[in-house]
Each structure stands twice: as structure tokens, then as C-alpha cells.
Amino acid sequence: MPDISSIASGAVVAYQRALGTVSNNIANAATEGYSRQVTTLESNPVSRVGQIYFGNGVAATGVSRAYDSFIEANYRNSNSDLLSQEPMVNYTNRIVDVMGSDSMGLSGALDQFFNTARLLSTDPASTALRGSFMADAGSVASRFAELSSQLDLVQEETAQAISSHVSQINTITSALAQVNLQLTKQRSLAAQPADLLDQRDLLLKNLSDFVHVNARFTENGAVTVSLGPSFVRDVVVESGKSFLIGTETNPVTPEKISLVLDPYGKSEPLVSISSGKLAGLLSFREQVLGSSRAALDNLANVFANEVNQIQNAGIDAYGNLGANLFRLDPTVSSAAGGLQVAFDDPLLIAAAAQFRVAEAANNTSGAQPKVGYSVEDFGGPALLKPLSGYGLSNLHYQALVTIGANNLLDQRSLASALQISDASAKTLTQELATKGLVNTQISTVGSPSTLLSLTGQGYAMLDDISVLPFNVNPDLSRVVTVTESRPFAAIATIPSGLQDISLFGKLDEGQNI
């Protein structure tokens, strides 16, 4: 028969344990990852007395967690999606602040540069304006370099953050593997310590801060964690084993960082990171940082090329065509970081334009602009004037004499007579034909060959040369007598524009030119 005192004492013990659980809940109200615990009470087996069954009180049979696996899984997914936006927003705002800043952005520097250029165009002779223009050009180059260095800082900072996140992920997965080893000591989930399960769930929640987590639980509560779209890909925790994650950087595209699973074992690329802080950082570097750097470098290239084209089309203070104002340092990886002013002499600024005459759009008088010029008259001796208009070299002259002497001459024979190559003879023939001095015709008799003959203009030119003092023989050019009272005398004047001039002289012993 049931004992009233034993039932009462058993109930007191059971409710003491239940109150202890309540006290533990209150004590751990602020503990991260703690789940509220509930003491499970069950009635003791009944006692049979005759045909009657009597109860034997209550007993505390266990402590369970107030836990919902569906809510926990949704929390992890939502947490990953939310935290993936944090680095994207924060670092993108930094890029926007840098690019749009009045003190660091490009707008102010470019406006000042073009305003100074406009002022200089109104007074190209002003050394003060030239100095200001050089200073503003240097400011633009410095601003590009400063923006590039700011992007470098963001790139380095995010690279360190990615490395830190990967290290924390490896620490969490290693801890999960250790928890799995502890959970294998029990066969059922109900027999597992509630605190150990809380530790497992807290680790999963912390892991979801960095990456999207796919978790699959066994009967005893051990977890398999995958970062991929399925449980068979990109597994980082399986039973009591965890797999490390490593990083790789491509030097060609440093803004892109690749993740590698099990880098010291059977490594494979980890490309399925879709949410979490790590995914947000990777997306920022590829989508925002990479495109911002490409846009900045492209702007630096276009700006330098366009300004250099304008500079090359003008005239500097020395009267020469303008040289490049900007150059890109080939030792610097980014165009914006390597933009420099190519010279430091303000007089090299091509602030004056080449001489042009154009009809003004606002001209309503009907007058037309016109430029007139006269050809400079020949300044040498009158007897040499017939040659000045031909612009012939000595080789041209020898070729014409040879062709004229043979009436009709094969091009190969001309090359042999002048002791030049066939290719040089072909070029020489084309030049004489262009000047209208030689006719060419193709002979198909035997092997194909080019036949040369003088035109009327070619014969006329030879006639002009024949009246010159040296006739057709340079050795008979002129006899000059020099005495003590007349120690020197002019032989001839070489007109401007002639090329490949050959001088021949026949000197007696003791004479010199």
C-alpha cells in the first residue's frame, strides 16, 4: 500500500529539482545561446493492491530544452542574409565618401584644372598663368594617386577582414567537430546534456554570421555542416572531423579572392558562398571595389590621352609642337596611381595654337578669310636654278643619264649599272616615274621585266643640266686659280632643298679645299 510520507517526500524532491531548473533559467537569462530548460515530471509506476491500483507519486525524469529546430534553421538563414549586406553597405559608403568628397574627390581638382587652362588660353605669354596651370595639373595627378591609394587601403582592409573571417570559420568548425565527438557518447538526442546541445546550436548560429549554413542532424544530435547547395558538396564538418578553408589571391586581379576547401589535403574551390559576412565582402570586392578601380583607371587613361592630344596639337613657348603633359608610370599597377606630370618646365605648355584661318560662325558680312603666300625665290647662282625645282639626288641624276644613254633600258640592267640592289632599283624607278621623268612598260618577251625610257620632261631636264658649268662630267666642273693676293674663291652655291650632294675636286699638289 502506498506510503503517504514517501509519496510526499518524492514529490518534494521532484519539485525541488523543477525549482532548481527554474533557478538555472533565471540565472542564465543573459547567457548567449542558452535555451530555457524544462524539468520533465512523470508519475511513478502504480502499485496494485487486490483489484485496485494506487499511485506512487511523481518523479523528475529529465530536463529538456524549449527548442524549435524549424525556428533555429530559419534564424540562421535570415541571419546570414542580413549580415551579407553589412559589409557591402559599409564599404560601399566608404567608396562613395572618398569619390564624392570635396577635399579628396576629382570634381574640384578637374574644375580648377580646366578653369586655369581656359585662363591660360587667353594669355599664353603669362608666366604666372603657366605656373598656375602646372600646379593644377600636378594637383589632378596627385588627386588620382590619392584616390587610388584610398582604394588600395580598402582593398587591403577587406582582404584582412576576409582572412579574419576565414580563420574564425575554421575555429568554429573545429569546435563543432569537438562537440560532435562529445555527442557520440549518447545514442539518443533525449539523453544528451542540454548545455552541450546549446553549445552546438550557438556554434551554428555564430557560423551563420559568416556563411550560409546547411545543417543535418543525426539521431544523437551530431551535426553535419555544408556550405554548398547540398549536403554532399562543400562539407566543412562531418562527424568528429572538420575541414579547413583557405584563401588564394590572383596577382593579375588582386580584388578577387578565391576560397579553397581543404587546402592542405584534397583541395577544391569553394564557390558556393552565397550569404553571410564573408559573401558580402567577396561580393563587395568583385562588384564594387573592382568596378570602381576599373572606372578610376579608365578615367585616368582617357583624361591623360585627351589632354595630351590637345597638348600635341599646340605650340609651346619655344615654338615647338607640344609634348605630352601627362604620363603613366609603368612601374605602378594602376593607371590612376601612376598618373604623373611629364615635365616641370612651364614654357613647354602648348598654350599657343598652330596658325589657322577659319570662317567665323558669327561673321555676317559675307567676307571670306583668305591666306596668301609666295614661293621663296631661288637664292643660288642663276646657272644652277634649273636643278632647284627637280629635287633630285645624285643617284637620280646618274639613273637618268644611264637610261638616256641606252634609250630603252631594263630595270635589272639599271641596278647592275648603278651597283644597287633590284629592290633599290625598283624604288628608284617609282620615284622617277612619280616625278614624270621616266616611262615604264612591262616586257613579256622571255622572263617578265620592266623597261625604262625617259619622258619628254626627263630629256628636258638633262638638256637643262647640259648648260650648267660642269656639263655631264663633274670632273670638268670648273678651274679655280688661287694666288697669294686672292687666297680663296667661291666655286658654287648649293641650293636649299637638294639632297645627297656629291662634291668632286681635282687638286694639284699642295692645294686644299
# chains A, B, ... in the order shown; residues from 1 in each chain; ligands from 1
call {"tool": "residues_around", "arguments": {"residues": "stretch 83-94 of chain A", "least_positions_apart": "3", "cutoff": "6 Å", "atoms": "only C-alpha atoms", "output": "list in words"}}
result
Ser80, Asp97, Ser275, Gly276, Lys277, Gly280, Leu281 and Phe284 of chain A
call {"tool": "write_last_selection", "arguments": {"atoms": "N, CA and C atoms", "output": "compact mmCIF listing (two decimals), in the first residue's frame"}}
result
# COMPACT_ATOMS: atom_id res chain seq x y z
N SER A 80 22.21 35.03 -41.92
CA SER A 80 23.22 35.06 -42.99
C SER A 80 22.85 36.08 -44.06
N ASP A 97 31.99 58.03 -50.16
CA ASP A 97 32.52 59.18 -49.42
C ASP A 97 33.86 59.64 -49.99
N SER A 275 25.82 33.87 -48.84
CA SER A 275 25.37 34.88 -47.88
C SER A 275 26.28 34.86 -46.67
N GLY A 276 26.04 35.80 -45.74
CA GLY A 276 26.91 35.95 -44.60
C GLY A 276 27.95 37.05 -44.83
N LYS A 277 28.68 37.41 -43.77
CA LYS A 277 29.67 38.47 -43.87
C LYS A 277 30.74 38.17 -44.92
N GLY A 280 29.40 38.79 -48.31
CA GLY A 280 29.26 40.23 -48.53
C GLY A 280 30.59 40.88 -48.89
N LEU A 281 31.66 40.47 -48.21
CA LEU A 281 32.98 41.02 -48.51
C LEU A 281 33.45 40.62 -49.91
N PHE A 284 31.48 42.58 -52.44
CA PHE A 284 31.92 43.98 -52.48
C PHE A 284 33.20 44.13 -53.29
call {"tool": "select_by_dssp", "arguments": {"residues": "stretch 143-245 of chain A", "states": "strand (DSSP E or B)", "output": "list in words"}}
result
Asn214, Ala215, Arg216, Phe217, Val223, Thr224, Val225, Ser226, Val235, Val236, Val237, Glu238, Lys241, Ser242 and Ile245 of chain A
call {"tool": "select_by_dssp", "arguments": {"residues": "stretch 12-86 of chain A", "states": "alpha helix (DSSP H)", "output": "PyMOL selection string"}}
result
chain A and resi 12-27+69-86
call {"tool": "residues_around", "arguments": {"residues": "A:Gln182", "least_positions_apart": "4", "cutoff": "10 Å", "atoms": "only C-alpha atoms", "output": "list in words"}}
result
Leu176, Ala177, Gln178, Gln186, Gln192, Pro193, Leu196, Ala222 and Gly240 of chain A
call {"tool": "closest_residue", "arguments": {"among": "A:Lys205, A:Lys435, A:Arg17, A:Lys426", "to": "A:Leu451", "atoms": "only C-alpha atoms"}}
result
A:Lys426
call {"tool": "atom_distance", "arguments": {"atom1": "atom CA of A:Lys256", "atom2": "atom CA of A:Val236"}}
result
22.4 Å
call {"tool": "residues_around", "arguments": {"residues": "A:Ala425", "least_positions_apart": "3", "cutoff": "6 Å", "atoms": "only C-alpha atoms", "output": "number ranges by chain"}}
result
A: 415, 422, 428
